[in-house]
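Undergrad: Data file run_6.pdb (PDB, C-alpha atoms) is appended below.
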```
ATOM      1  CA  MET A   1      -5.388  15.778  -0.295
ATOM      2  CA  HIS A   2      -5.988  13.339  -3.111
ATOM      3  CA  GLY A   3      -4.791  12.605  -6.618
ATOM      4  CA  SER A   4      -1.446  11.728  -8.158
ATOM      5  CA  HIS A   5       1.300  14.362  -7.957
ATOM      6  CA  HIS A   6       4.274  14.391 -10.321
ATOM      7  CA  LEU A   7       7.455  15.540  -8.643
ATOM      8  CA  ILE A   8      10.815  16.594 -10.105
ATOM      9  CA  VAL A   9      13.726  17.498  -7.828
ATOM     10  CA  GLN A  10      16.762  18.600  -9.808
ATOM     11  CA  SER A  11      20.190  20.209  -9.591
ATOM     12  CA  ALA A  12      22.937  20.548 -12.191
ATOM     13  CA  HIS A  13      24.141  17.006 -11.501
ATOM     14  CA  LEU A  14      21.133  15.139 -10.089
ATOM     15  CA  LYS A  15      17.532  14.613 -11.057
ATOM     16  CA  TYR A  16      14.770  12.733  -9.248
ATOM     17  CA  GLU A  17      11.448  12.211 -10.957
ATOM     18  CA  PHE A  18       8.478  10.202  -9.681
ATOM     19  CA  ASP A  19       4.760  10.224  -8.863
ATOM     20  CA  ILE A  20       3.213  10.225  -5.391
ATOM     21  CA  LYS A  21      -0.388   8.995  -5.228
ATOM     22  CA  ARG A  22      -1.088   7.841  -1.670
ATOM     23  CA  ASN A  23      -0.879   9.547   1.692
ATOM     24  CA  ILE A  24       2.088   7.375   2.755
ATOM     25  CA  THR A  25       5.030   6.472   0.513
ATOM     26  CA  ILE A  26       8.057   4.599   1.838
ATOM     27  CA  ILE A  27      11.538   4.824   0.288
ATOM     28  CA  LYS A  28      13.979   2.120   1.365
ATOM     29  CA  GLY A  29      17.423   0.984   0.348
ATOM     30  CA  ASP A  30      21.041   0.642   1.366
ATOM     31  CA  SER A  31      23.503   3.490   1.869
ATOM     32  CA  ALA A  32      24.693   5.425  -1.196
ATOM     33  CA  THR A  33      21.496   4.805  -3.163
ATOM     34  CA  GLY A  34      20.453   8.469  -3.157
ATOM     35  CA  LYS A  35      17.738   8.429  -0.489
ATOM     36  CA  THR A  36      19.243  11.006   1.846
ATOM     37  CA  THR A  37      20.440  13.128  -1.071
ATOM     38  CA  LEU A  38      16.815  13.496  -2.169
ATOM     39  CA  ALA A  39      15.786  14.720   1.284
ATOM     40  CA  ASP A  40      18.809  17.037   1.442
ATOM     41  CA  MET A  41      17.889  18.626  -1.877
ATOM     42  CA  VAL A  42      14.298  19.225  -0.800
ATOM     43  CA  ARG A  43      15.545  20.688   2.495
ATOM     44  CA  GLU A  44      17.966  23.043   0.744
ATOM     45  CA  TYR A  45      15.280  24.214  -1.645
ATOM     46  CA  VAL A  46      12.757  24.802   1.151
ATOM     47  CA  LEU A  47      15.304  26.809   3.184
ATOM     48  CA  ASN A  48      17.023  28.800   0.446
ATOM     49  CA  GLY A  49      14.983  28.487  -2.727
ATOM     50  CA  ALA A  50      16.361  28.669  -6.263
ATOM     51  CA  ASP A  51      19.589  30.319  -5.048
ATOM     52  CA  THR A  52      20.797  26.803  -4.188
ATOM     53  CA  GLY A  53      20.702  25.785  -7.858
ATOM     54  CA  ILE A  54      18.008  23.251  -6.963
ATOM     55  CA  THR A  55      14.538  23.250  -8.485
ATOM     56  CA  VAL A  56      11.517  21.441  -7.105
ATOM     57  CA  SER A  57       8.630  21.113  -9.521
ATOM     58  CA  CYS A  58       5.272  19.879  -8.259
ATOM     59  CA  ASP A  59       1.648  21.029  -8.275
ATOM     60  CA  VAL A  60       1.658  21.116  -4.444
ATOM     61  CA  PRO A  61       4.290  22.445  -2.005
ATOM     62  CA  CYS A  62       7.064  20.127  -0.764
ATOM     63  CA  ARG A  63       8.252  20.353   2.827
ATOM     64  CA  ILE A  64      10.674  18.683   5.264
ATOM     65  CA  LEU A  65       9.714  17.364   8.712
ATOM     66  CA  GLU A  66      12.507  16.608  11.180
ATOM     67  CA  GLY A  67      13.880  16.886  14.692
ATOM     68  CA  ASN A  68      12.340  17.199  18.133
ATOM     69  CA  THR A  69       9.986  19.991  17.077
ATOM     70  CA  TRP A  70       8.270  17.887  14.384
ATOM     71  CA  GLN A  71       4.846  18.303  15.975
ATOM     72  CA  GLU A  72       5.044  22.087  15.905
ATOM     73  CA  GLN A  73       6.334  21.988  12.328
ATOM     74  CA  LEU A  74       3.551  19.650  11.218
ATOM     75  CA  SER A  75       0.862  21.825  12.789
ATOM     76  CA  ILE A  76       1.455  24.557  10.190
ATOM     77  CA  ILE A  77       1.920  22.343   7.111
ATOM     78  CA  ASN A  78      -1.149  21.665   4.992
ATOM     79  CA  SER A  79      -1.873  20.152   1.570
ATOM     80  CA  SER A  80       1.807  19.441   0.933
ATOM     81  CA  ILE A  81       4.127  16.526   0.220
ATOM     82  CA  VAL A  82       6.152  16.135   3.410
ATOM     83  CA  PHE A  83       9.550  14.414   3.281
ATOM     84  CA  ILE A  84      11.026  12.734   6.359
ATOM     85  CA  ASP A  85      14.629  11.535   6.191
ATOM     86  CA  GLU A  86      15.884   8.395   7.947
ATOM     87  CA  GLY A  87      17.195   8.949  11.441
ATOM     88  CA  ASN A  88      14.037  10.691  12.626
ATOM     89  CA  SER A  89      12.887   8.127  15.177
ATOM     90  CA  PHE A  90       9.500   9.760  15.702
ATOM     91  CA  VAL A  91       8.184   8.101  12.506
ATOM     92  CA  SER A  92       7.861   4.770  14.342
ATOM     93  CA  SER A  93       5.876   6.240  17.237
ATOM     94  CA  LEU A  94       2.156   6.115  17.912
ATOM     95  CA  ASP A  95       2.267   9.886  18.406
ATOM     96  CA  PHE A  96       3.341  10.321  14.800
ATOM     97  CA  ALA A  97       0.727   7.866  13.518
ATOM     98  CA  ASN A  98      -1.991   9.729  15.412
ATOM     99  CA  ALA A  99      -0.690  13.085  14.202
ATOM    100  CA  ILE A 100      -0.834  12.215  10.499
ATOM    101  CA  LYS A 101      -4.161  10.396  10.678
ATOM    102  CA  GLY A 102      -6.584  12.892   9.198
ATOM    103  CA  SER A 103      -3.791  15.029   7.790
ATOM    104  CA  THR A 104      -4.252  16.981   4.560
ATOM    105  CA  ASN A 105      -0.678  16.090   3.583
ATOM    106  CA  TYR A 106       1.033  13.239   1.755
ATOM    107  CA  PHE A 107       4.127  11.814   3.476
ATOM    108  CA  VAL A 108       7.278  10.439   1.848
ATOM    109  CA  ILE A 109       9.216   8.590   4.544
ATOM    110  CA  ILE A 110      12.821   7.529   3.961
ATOM    111  CA  THR A 111      13.540   4.692   6.358
ATOM    112  CA  ARG A 112      15.018   1.239   6.774
ATOM    113  CA  GLU A 113      12.531   0.387   9.518
ATOM    114  CA  ASN A 114       9.212  -1.396   9.229
ATOM    115  CA  LEU A 115       6.747   1.169  10.556
ATOM    116  CA  HIS A 116       4.111  -0.979  12.247
ATOM    117  CA  ALA A 117       2.059   1.960  13.498
ATOM    118  CA  LEU A 118       1.320   3.073   9.922
ATOM    119  CA  PRO A 119      -1.060   1.386   7.433
ATOM    120  CA  TYR A 120       0.925   1.742   4.219
ATOM    121  CA  SER A 121       0.592  -0.239   1.001
ATOM    122  CA  VAL A 122       2.957  -2.915  -0.289
ATOM    123  CA  ASP A 123       2.696  -1.091  -3.624
ATOM    124  CA  GLU A 124       4.110   2.134  -2.187
ATOM    125  CA  ILE A 125       7.444   0.815  -0.908
ATOM    126  CA  TYR A 126      10.184   1.957  -3.254
ATOM    127  CA  GLY A 127      13.883   1.771  -3.893
ATOM    128  CA  ILE A 128      15.831   4.267  -6.012
ATOM    129  CA  HIS A 129      17.330   3.330  -9.363
ATOM    130  CA  SER A 130      20.029   5.566 -10.846
ATOM    131  CA  SER A 131      21.078   5.993 -14.448
ATOM    132  CA  GLY A 132      22.845   8.617 -16.554
ATOM    133  CA  LYS A 133      26.297  10.112 -16.676
ATOM    134  CA  TYR A 134      27.603  12.283 -13.851
ATOM    135  CA  SER A 135      28.456  15.542 -15.580
ATOM    136  CA  SER A 136      27.192  19.065 -15.718
ATOM    137  CA  PHE A 137      25.683  18.358 -19.123
ATOM    138  CA  GLU A 138      23.870  15.131 -18.309
ATOM    139  CA  PRO A 139      22.550  14.775 -14.768
ATOM    140  CA  VAL A 140      22.371  11.472 -12.954
ATOM    141  CA  TYR A 141      18.726  10.444 -13.230
ATOM    142  CA  HIS A 142      16.976   8.800 -10.294
ATOM    143  CA  GLU A 143      13.624   7.065 -10.486
ATOM    144  CA  LEU A 144      11.658   5.021  -7.967
ATOM    145  CA  TYR A 145      10.901   1.348  -8.456
ATOM    146  CA  ARG A 146       8.530  -0.832  -6.489
ATOM    147  CA  ILE A 147      10.415  -3.231  -4.266
ATOM    148  CA  TYR A 148       7.500  -5.681  -4.053
ATOM    149  CA  GLY A 149       5.867  -5.011  -7.391
ATOM    150  CA  ASN A 150       6.154  -8.388  -9.124
ATOM    151  CA  GLU A 151       4.033 -11.466  -8.471
ATOM    152  CA  SER A 152       4.858 -15.008  -9.469
ATOM    153  CA  GLU A 153       2.818 -16.321 -12.383
ATOM    154  CA  SER A 154       3.097 -19.955 -11.305
ATOM    155  CA  VAL A 155      -0.005 -21.893 -10.286
ATOM    156  CA  ILE A 156      -0.708 -21.841  -6.554
ATOM    157  CA  ASN A 157      -2.397 -24.973  -5.215
ATOM    158  CA  PRO A 158      -2.172 -24.627  -1.436
ATOM    159  CA  ASP A 159      -2.797 -27.058   1.373
ATOM    160  CA  VAL A 160      -3.294 -24.188   3.828
ATOM    161  CA  LEU A 161      -5.014 -20.853   3.308
ATOM    162  CA  ILE A 162      -4.174 -18.121   5.830
ATOM    163  CA  ILE A 163      -6.589 -15.188   5.893
ATOM    164  CA  GLU A 164      -5.505 -11.962   7.581
ATOM    165  CA  ASP A 165      -8.520 -11.512   9.848
ATOM    166  CA  SER A 166     -11.663 -13.267  11.044
ATOM    167  CA  ASN A 167     -14.241 -11.000   9.433
ATOM    168  CA  SER A 168     -16.170 -11.197   6.156
ATOM    169  CA  GLY A 169     -13.091 -12.079   4.130
ATOM    170  CA  PHE A 170     -12.468 -15.142   6.258
ATOM    171  CA  ASP A 171     -16.168 -16.080   6.090
ATOM    172  CA  PHE A 172     -15.952 -15.973   2.311
ATOM    173  CA  PHE A 173     -12.745 -17.910   1.763
ATOM    174  CA  SER A 174     -13.483 -20.528   4.408
ATOM    175  CA  SER A 175     -16.841 -21.163   2.715
ATOM    176  CA  VAL A 176     -15.570 -21.490  -0.843
ATOM    177  CA  CYS A 177     -12.181 -23.180  -0.519
ATOM    178  CA  SER A 178     -11.873 -26.880  -1.317
ATOM    179  CA  ASP A 179     -12.455 -29.445   1.417
ATOM    180  CA  ASN A 180      -8.834 -30.557   1.214
ATOM    181  CA  VAL A 181      -7.580 -26.995   1.932
ATOM    182  CA  LYS A 182      -7.276 -25.943   5.567
ATOM    183  CA  CYS A 183      -8.475 -22.345   5.978
ATOM    184  CA  ILE A 184      -7.368 -20.485   9.088
ATOM    185  CA  SER A 185      -7.507 -16.902  10.336
ATOM    186  CA  ALA A 186      -4.334 -15.137  11.460
ATOM    187  CA  ASN A 187      -6.517 -12.862  13.623
ATOM    188  CA  GLY A 188      -4.662  -9.817  12.391
ATOM    189  CA  LYS A 189      -1.868  -8.985   9.972
ATOM    190  CA  ALA A 190       0.690  -8.680  12.783
ATOM    191  CA  ASN A 191       0.334 -12.413  13.480
ATOM    192  CA  ILE A 192       1.038 -13.662   9.962
ATOM    193  CA  PHE A 193       4.830 -13.770  10.233
ATOM    194  CA  ASN A 194       4.801 -15.738  13.493
ATOM    195  CA  LEU A 195       2.186 -18.096  12.100
ATOM    196  CA  LEU A 196       4.275 -18.781   9.001
ATOM    197  CA  SER A 197       7.370 -19.281  11.155
ATOM    198  CA  SER A 198       5.694 -21.820  13.416
ATOM    199  CA  LYS A 199       5.896 -25.581  12.970
ATOM    200  CA  GLU A 200       2.099 -25.788  13.067
ATOM    201  CA  ILE A 201       1.811 -24.876   9.381
ATOM    202  CA  GLU A 202       2.758 -27.646   6.953
ATOM    203  CA  GLY A 203       2.525 -28.037   3.198
ATOM    204  CA  ASN A 204       1.975 -25.355   0.586
ATOM    205  CA  VAL A 205       0.645 -22.127   2.071
ATOM    206  CA  LEU A 206      -1.195 -19.187   0.538
ATOM    207  CA  VAL A 207      -1.521 -15.971   2.545
ATOM    208  CA  ILE A 208      -4.351 -13.611   1.591
ATOM    209  CA  ALA A 209      -4.063 -10.178   3.197
ATOM    210  CA  ASP A 210      -5.037  -6.562   2.525
ATOM    211  CA  GLY A 211      -2.157  -5.208   0.447
ATOM    212  CA  ALA A 212      -3.315  -1.624   1.032
ATOM    213  CA  ALA A 213      -2.159  -1.779   4.662
ATOM    214  CA  PHE A 214       0.336  -4.678   4.718
ATOM    215  CA  GLY A 215       3.486  -2.674   4.045
ATOM    216  CA  ALA A 216       5.022  -2.866   7.513
ATOM    217  CA  GLN A 217       4.699  -6.666   7.575
ATOM    218  CA  MET A 218       5.956  -7.171   4.052
ATOM    219  CA  ALA A 219       9.722  -7.221   4.587
ATOM    220  CA  ASN A 220       9.733 -10.061   7.116
ATOM    221  CA  VAL A 221       7.058 -12.066   5.329
ATOM    222  CA  PHE A 222       8.730 -11.578   1.963
ATOM    223  CA  ASP A 223      12.001 -12.911   3.349
ATOM    224  CA  LEU A 224      10.152 -16.105   4.281
ATOM    225  CA  VAL A 225       8.605 -16.302   0.818
ATOM    226  CA  GLU A 226      12.001 -15.865  -0.835
ATOM    227  CA  SER A 227      13.542 -18.639   1.253
ATOM    228  CA  ASN A 228      10.611 -21.050   1.134
ATOM    229  CA  ASP A 229       8.972 -22.085  -2.142
ATOM    230  CA  SER A 230       5.973 -23.464  -0.263
ATOM    231  CA  ILE A 231       4.785 -19.994   0.847
ATOM    232  CA  ASN A 232       2.865 -17.718  -1.533
ATOM    233  CA  LEU A 233       1.174 -14.343  -1.179
ATOM    234  CA  TYR A 234      -1.987 -12.877  -2.664
ATOM    235  CA  LEU A 235      -2.250  -9.218  -1.660
ATOM    236  CA  PRO A 236      -5.181  -7.428  -3.277
ATOM    237  CA  GLU A 237      -5.989  -3.976  -1.951
ATOM    238  CA  SER A 238      -8.564  -5.592   0.339
ATOM    239  CA  PHE A 239     -11.353  -8.169   0.320
ATOM    240  CA  GLU A 240     -13.812  -5.344  -0.295
ATOM    241  CA  TRP A 241     -11.754  -4.313  -3.320
ATOM    242  CA  ILE A 242     -12.118  -7.846  -4.714
ATOM    243  CA  ILE A 243     -15.895  -7.564  -4.470
ATOM    244  CA  LEU A 244     -15.944  -4.108  -6.043
ATOM    245  CA  ASP A 245     -13.575  -5.215  -8.805
ATOM    246  CA  SER A 246     -15.818  -8.181  -9.624
ATOM    247  CA  ASP A 247     -18.554  -5.713 -10.671
ATOM    248  CA  VAL A 248     -21.310  -7.585  -8.830
ATOM    249  CA  LEU A 249     -22.827  -4.188  -8.033
ATOM    250  CA  ASN A 250     -22.969  -3.283 -11.738
ATOM    251  CA  ASP A 251     -22.205   0.330 -10.826
ATOM    252  CA  ALA A 252     -20.620   2.652 -13.394
ATOM    253  CA  GLU A 253     -19.246   5.019 -10.741
ATOM    254  CA  VAL A 254     -17.493   2.147  -8.970
ATOM    255  CA  ARG A 255     -15.864   1.132 -12.255
ATOM    256  CA  ARG A 256     -14.602   4.696 -12.765
ATOM    257  CA  ILE A 257     -13.240   4.877  -9.222
ATOM    258  CA  LEU A 258     -11.338   1.603  -9.556
ATOM    259  CA  GLU A 259      -9.626   2.830 -12.719
ATOM    260  CA  LYS A 260      -7.951   5.698 -10.806
ATOM    261  CA  PRO A 261      -8.650   5.358  -7.073
ATOM    262  CA  GLU A 262      -6.169   8.084  -6.161
ATOM    263  CA  GLU A 263      -8.438  10.679  -7.771
ATOM    264  CA  TYR A 264     -11.264   9.790  -5.357
ATOM    265  CA  ILE A 265      -9.578   8.776  -2.109
ATOM    266  CA  ASP A 266      -9.055  11.681   0.276
ATOM    267  CA  GLY A 267      -6.121  10.895   2.584
ATOM    268  CA  GLU A 268      -7.551  13.278   5.178
ATOM    269  CA  LYS A 269     -10.626  11.060   5.535
ATOM    270  CA  PHE A 270      -9.153   7.610   4.883
ATOM    271  CA  PHE A 271      -5.885   6.614   6.559
ATOM    272  CA  SER A 272      -5.540   3.706   4.117
ATOM    273  CA  TRP A 273      -7.156   2.704   0.848
ATOM    274  CA  GLU A 274      -8.500  -0.430   2.519
ATOM    275  CA  ARG A 275     -10.767   1.748   4.643
ATOM    276  CA  PHE A 276     -11.974   3.622   1.581
ATOM    277  CA  PHE A 277     -12.912   0.443  -0.294
ATOM    278  CA  THR A 278     -14.815  -0.814   2.756
ATOM    279  CA  SER A 279     -16.695   2.475   3.001
ATOM    280  CA  LEU A 280     -17.440   2.465  -0.722
ATOM    281  CA  LEU A 281     -18.795  -1.090  -0.691
ATOM    282  CA  VAL A 282     -20.977  -0.412   2.360
ATOM    283  CA  GLU A 283     -22.326   2.746   0.717
ATOM    284  CA  LYS A 284     -22.939   1.250  -2.706
ATOM    285  CA  SER A 285     -24.513  -1.977  -1.466
ATOM    286  CA  GLY A 286     -26.824   0.056   0.782
ATOM    287  CA  ASP A 287     -29.912  -1.843   1.942
ATOM    288  CA  SER A 288     -29.975  -4.070  -1.132
ATOM    289  CA  TYR A 289     -29.800  -7.858  -1.046
ATOM    290  CA  LEU A 290     -26.013  -7.408  -1.289
ATOM    291  CA  LYS A 291     -25.849  -5.213   1.835
ATOM    292  CA  TYR A 292     -22.278  -5.497   3.092
ATOM    293  CA  THR A 293     -20.916  -5.470   6.627
ATOM    294  CA  LYS A 294     -17.285  -5.866   7.598
ATOM    295  CA  THR A 295     -17.821  -8.148  10.554
ATOM    296  CA  LYS A 296     -20.028 -10.875   9.063
ATOM    297  CA  LEU A 297     -20.476 -11.899   5.430
ATOM    298  CA  ASN A 298     -23.877 -11.534   3.836
ATOM    299  CA  PRO A 299     -24.781 -15.043   2.502
ATOM    300  CA  ALA A 300     -25.833 -13.421  -0.791
ATOM    301  CA  TYR A 301     -22.149 -13.167  -1.687
ATOM    302  CA  LEU A 302     -21.951 -16.971  -1.719
ATOM    303  CA  ASP A 303     -24.837 -17.527  -4.124
ATOM    304  CA  GLY A 304     -24.964 -18.223  -7.856
ATOM    305  CA  LYS A 305     -23.821 -15.547 -10.283
ATOM    306  CA  VAL A 306     -22.592 -13.251  -7.511
ATOM    307  CA  LEU A 307     -20.174 -15.888  -6.243
ATOM    308  CA  SER A 308     -19.047 -16.731  -9.773
ATOM    309  CA  LYS A 309     -18.237 -13.103 -10.546
ATOM    310  CA  ILE A 310     -16.248 -12.680  -7.335
ATOM    311  CA  LEU A 311     -14.261 -15.859  -7.967
ATOM    312  CA  SER A 312     -13.573 -14.812 -11.550
ATOM    313  CA  SER A 313     -11.930 -11.606 -10.303
ATOM    314  CA  ILE A 314      -9.333 -13.632  -8.361
ATOM    315  CA  PRO A 315      -6.279 -14.688 -10.417
ATOM    316  CA  GLU A 316      -6.753 -18.033 -12.152
ATOM    317  CA  ARG A 317      -3.368 -19.199 -10.918
ATOM    318  CA  ILE A 318      -4.859 -19.488  -7.408
ATOM    319  CA  VAL A 319      -6.464 -22.947  -7.237
ATOM    320  CA  VAL A 320      -8.278 -23.230  -3.919
ATOM    321  CA  PHE A 321     -11.962 -23.192  -4.715
ATOM    322  CA  LYS A 322     -14.641 -25.850  -4.809
ATOM    323  CA  GLU A 323     -15.632 -27.232  -8.172
TER
END
```
Spit out the file's structure as structure tokens when you get a sec.

TA:
Amino acid sequence: MHGSHHLIVQSAHLKYEFDIKRNITIIKGDSATGKTTLADMVREYVLNGADTGITVSCDVPCRILEGNTWQEQLSIINSSIVFIDEGNSFVSSLDFANAIKGSTNYFVIITRENLHALPYSVDEIYGIHSSGKYSSFEPVYHELYRIYGNESESVINPDVLIIEDSNSGFDFFSSVCSDNVKCISANGKANIFNLLSSKEIEGNVLVIADGAAFGAQMANVFDLVESNDSINLYLPESFEWIILDSDVLNDAEVRRILEKPEEYIDGEKFFSWERFFTSLLVEKSGDSYLKYTKTKLNPAYLDGKVLSKILSSIPERIVVFKE
């Protein structure tokens, strides 16, 4: 399944309205914020239909996945938005991650946990905001808001640059950052929190990681950012997205895809958007002088106009590059 799907779940007193555009969406929040009520309403509608006084409006079916028989349930659900309420411990298991990899469904997971087995985006972690008057004439309106949606606009001039992995992204940033900036690889997103918590890292720090799959790490890392002004985050979709967004390929189709990626990214084929952007860059660069590989950076990306265009696509507030 692909595309953005507008969803309205409504009763006489409550209304939820939001868009789902990736294969994994996370809803978090404290008790009494309406998370479980949303799942309950979908469950009631699925079981008993309009007789419940609940309506569910969407261009694809909505389903509930729960309990010890979740695998059997999932085996017969296709091309649907699948809701999973908190308390279903299977969502943190490798079995669940393997089961939904390659699925035709989108999943909306209500949880307070950080689901490290799943590659979900920092942009698809939501809380629920309520407004409206509780009465039969004016329902309480619920909408989703991004928990990690806002970036600081202040200038970032780091002493240390931490790159998520040791592949082409690290090759690029370690080659172009200023001599007075220490560039190190975290050797995987799971190591970033421990690295930031260690006493080995001193001075102002900038973390660059693939936002498309950094969701499970975000809560702990964000807590460090909130409590320490010397730590900053730059979370583009991926390094490959940066290259594509810079338009070095001068490809009209790439420009169209980046305007609305959800219309082109099939969740059945790509478990995360990061994987799609890697595949797209490899395909589009082909056997040209800009041929891209994930494991080792093509030196052409460090030359002349190509380098300038890539650097210009990175926010100006990030000051780490050589003159």

Undergrad: On this structure, the PyMOL selection byres ((chain A and resi 125) around 7) would catch which residues? List them as number ranges by chain, sorted by chain and number.

TA: A: 25-27, 122-124, 126, 146-147

Undergrad: Check which residues satisfy the PyMOL selection byres ((chain A and resi 15) around 7) in the file shown, then give them as number ranges by chain.

TA: A: 9-11, 14, 16-17, 139-142

Undergrad: Can you turn the PyMOL selection byres ((chain A and resi 162) around 10) into a concrete residue list for this file, as a list in words?

TA: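 Given this file, the PyMOL selection byres ((chain A and resi 162) around 10) evaluates to Pro158, Val160, Leu161, Ile163, Glu164, Asp165, Phe170, Phe173, Ser174, Lys182, Cys183, Ile184, Ser185, Ala186, Asn187, Ile192, Leu195, Leu196, Ile201, Val205, Leu206, Val207, Ile208, Ala209 and Leu233 of chain A.
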
Undergrad: Residues at most 7 Å from segment 102-104 of chain A, counting all atoms listed in the file, excluding those fewer than 2 positions away in the same chain, as a ChimeraX atom specification?

TA: /A:1,78-79,100,267-269,271

Undergrad: Using all atoms listed in the file, which protein or nucleic acid residues come within 12 Å of Ser154 of chain A? Drop anything in the same chain fewer than 3 positions from it, and give the result as a PyMOL selection string.

TA: chain A and resi 151+157+229-230+232-233+315-319

Undergrad: Emit the selected residues as a compact mmCIF listing (two decimals), in the frame of the given file, including C-alpha atoms.

TA:
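What ended up in again_18.txt:
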```txt
# COMPACT_ATOMS: atom_id res chain seq x y z
CA GLU A 151 4.03 -11.47 -8.47
CA ASN A 157 -2.40 -24.97 -5.22
CA ASP A 229 8.97 -22.08 -2.14
CA SER A 230 5.97 -23.46 -0.26
CA ASN A 232 2.86 -17.72 -1.53
CA LEU A 233 1.17 -14.34 -1.18
CA PRO A 315 -6.28 -14.69 -10.42
CA GLU A 316 -6.75 -18.03 -12.15
CA ARG A 317 -3.37 -19.20 -10.92
CA ILE A 318 -4.86 -19.49 -7.41
CA VAL A 319 -6.46 -22.95 -7.24
```

Undergrad: With only C-alpha atoms counted and 9 Å as the cut-off, give the residues of segment 138-205 of chain A in contact with segment 217-227 of chain A, each with its shortest interatomic distance in Å and the pair that gives it, as a tab-separated table.

TA:
```
residue	atom	partner	partner_atom	distance
A:Tyr148	CA	A:Met218	CA	8.4
A:Lys189	CA	A:Gln217	CA	7.4
A:Ala190	CA	A:Gln217	CA	6.9
A:Ile192	CA	A:Val221	CA	7.8
A:Phe193	CA	A:Val221	CA	5.6
A:Leu196	CA	A:Leu224	CA	8.0
A:Ser197	CA	A:Leu224	CA	8.1
```

Undergrad: Of the candidates A:Ile242, A:Val60, A:Ile231, A:Ile310, which shows the shortest atom-to-atom distance to His5 of chain A, using only C-alpha atoms?

TA: A:Val60

Undergrad: If you count only C-alpha atoms, which residues fall within 7 Å of Leu144 of chain A, apart from same-chain ones fewer than 3 positions away, as a PyMOL selection string?

TA: chain A and resi 18+126-129

Undergrad: With a distance cut-off of 12 Å and only C-alpha atoms, select the neighbouring residues of Ser272 of chain A, excluding the residue or stretch itself and same-chain residues fewer than 2 positions from it, and output the selection as an NGL selection string.

TA: :A and (21-25 or 100-102 or 106 or 118-122 or 124 or 210-215 or 237-238 or 261-262 or 265-270 or 274-279)

Undergrad: Using only C-alpha atoms, pick whichever of A:Leu115, A:Cys58, A:Ala97, A:Ile156 has the shortest atom-to-atom distance to Val320 of chain A.

TA: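 That would be A:Ile156, the residue with the smallest distance to Val320 of chain A.
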
Undergrad: List every protein, DNA or RNA residue that has at least one atom no more than 7 Å from (9.9, 25.9, 1.0) in the file's coordinates, counting only C-alpha atoms, and write the result as an MDAnalysis selection string.

TA: chainID A and resid 45:47 49 62:63

Undergrad: In Å, with one decimal, what is the gap from atom CA of Thr293 of chain A to atom CA of Ser168 of chain A?

TA: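 Separation of atom CA of Thr293 of chain A and atom CA of Ser168 of chain A: 7.5 Å.
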
Undergrad: For Ile64 of chain A, which of A:Val82, A:Leu307, A:Ile76, A:Ala50 is the closest residue, counting all atoms listed in the file?

TA: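 Closest residue, counting all atoms listed in the file: A:Val82.
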
Undergrad: Can you measure atom CA of Gly169 of chain A to atom CA of Leu249 of chain A for me? One decimal in Å is fine.

TA: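 The value is 17.5 Å.
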
Undergrad: Report, in Å to a single decimal, how far apart atom CA of Ser4 of chain A and atom CA of Glu86 of chain A are.

TA: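 Value for the atom CA of Glu86 of chain A-atom CA of Ser4 of chain A distance: 23.9 Å.
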
Undergrad: A:Glu113, A:Glu283, A:Glu44, A:Asp159: which is nearest Glu240 of chain A, counting all atoms listed in the file?

TA: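 The shortest atom-to-atom distance to Glu240 of chain A comes from A:Glu283.
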
Undergrad: Find, counting only C-alpha atoms, the residue in A:Val248, A:Ile257, A:Ala99, A:Ala39 that gets nearest to Thr111 of chain A.

TA: A:Ala39

Undergrad: Kindly indicate which residue among A:Ser92, A:Ser175, A:Asn228, A:Asn167 lies nearest to Leu302 of chain A, using only C-alpha atoms for the distances.

TA: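 Smallest separation from Leu302 of chain A among the options: A:Ser175.
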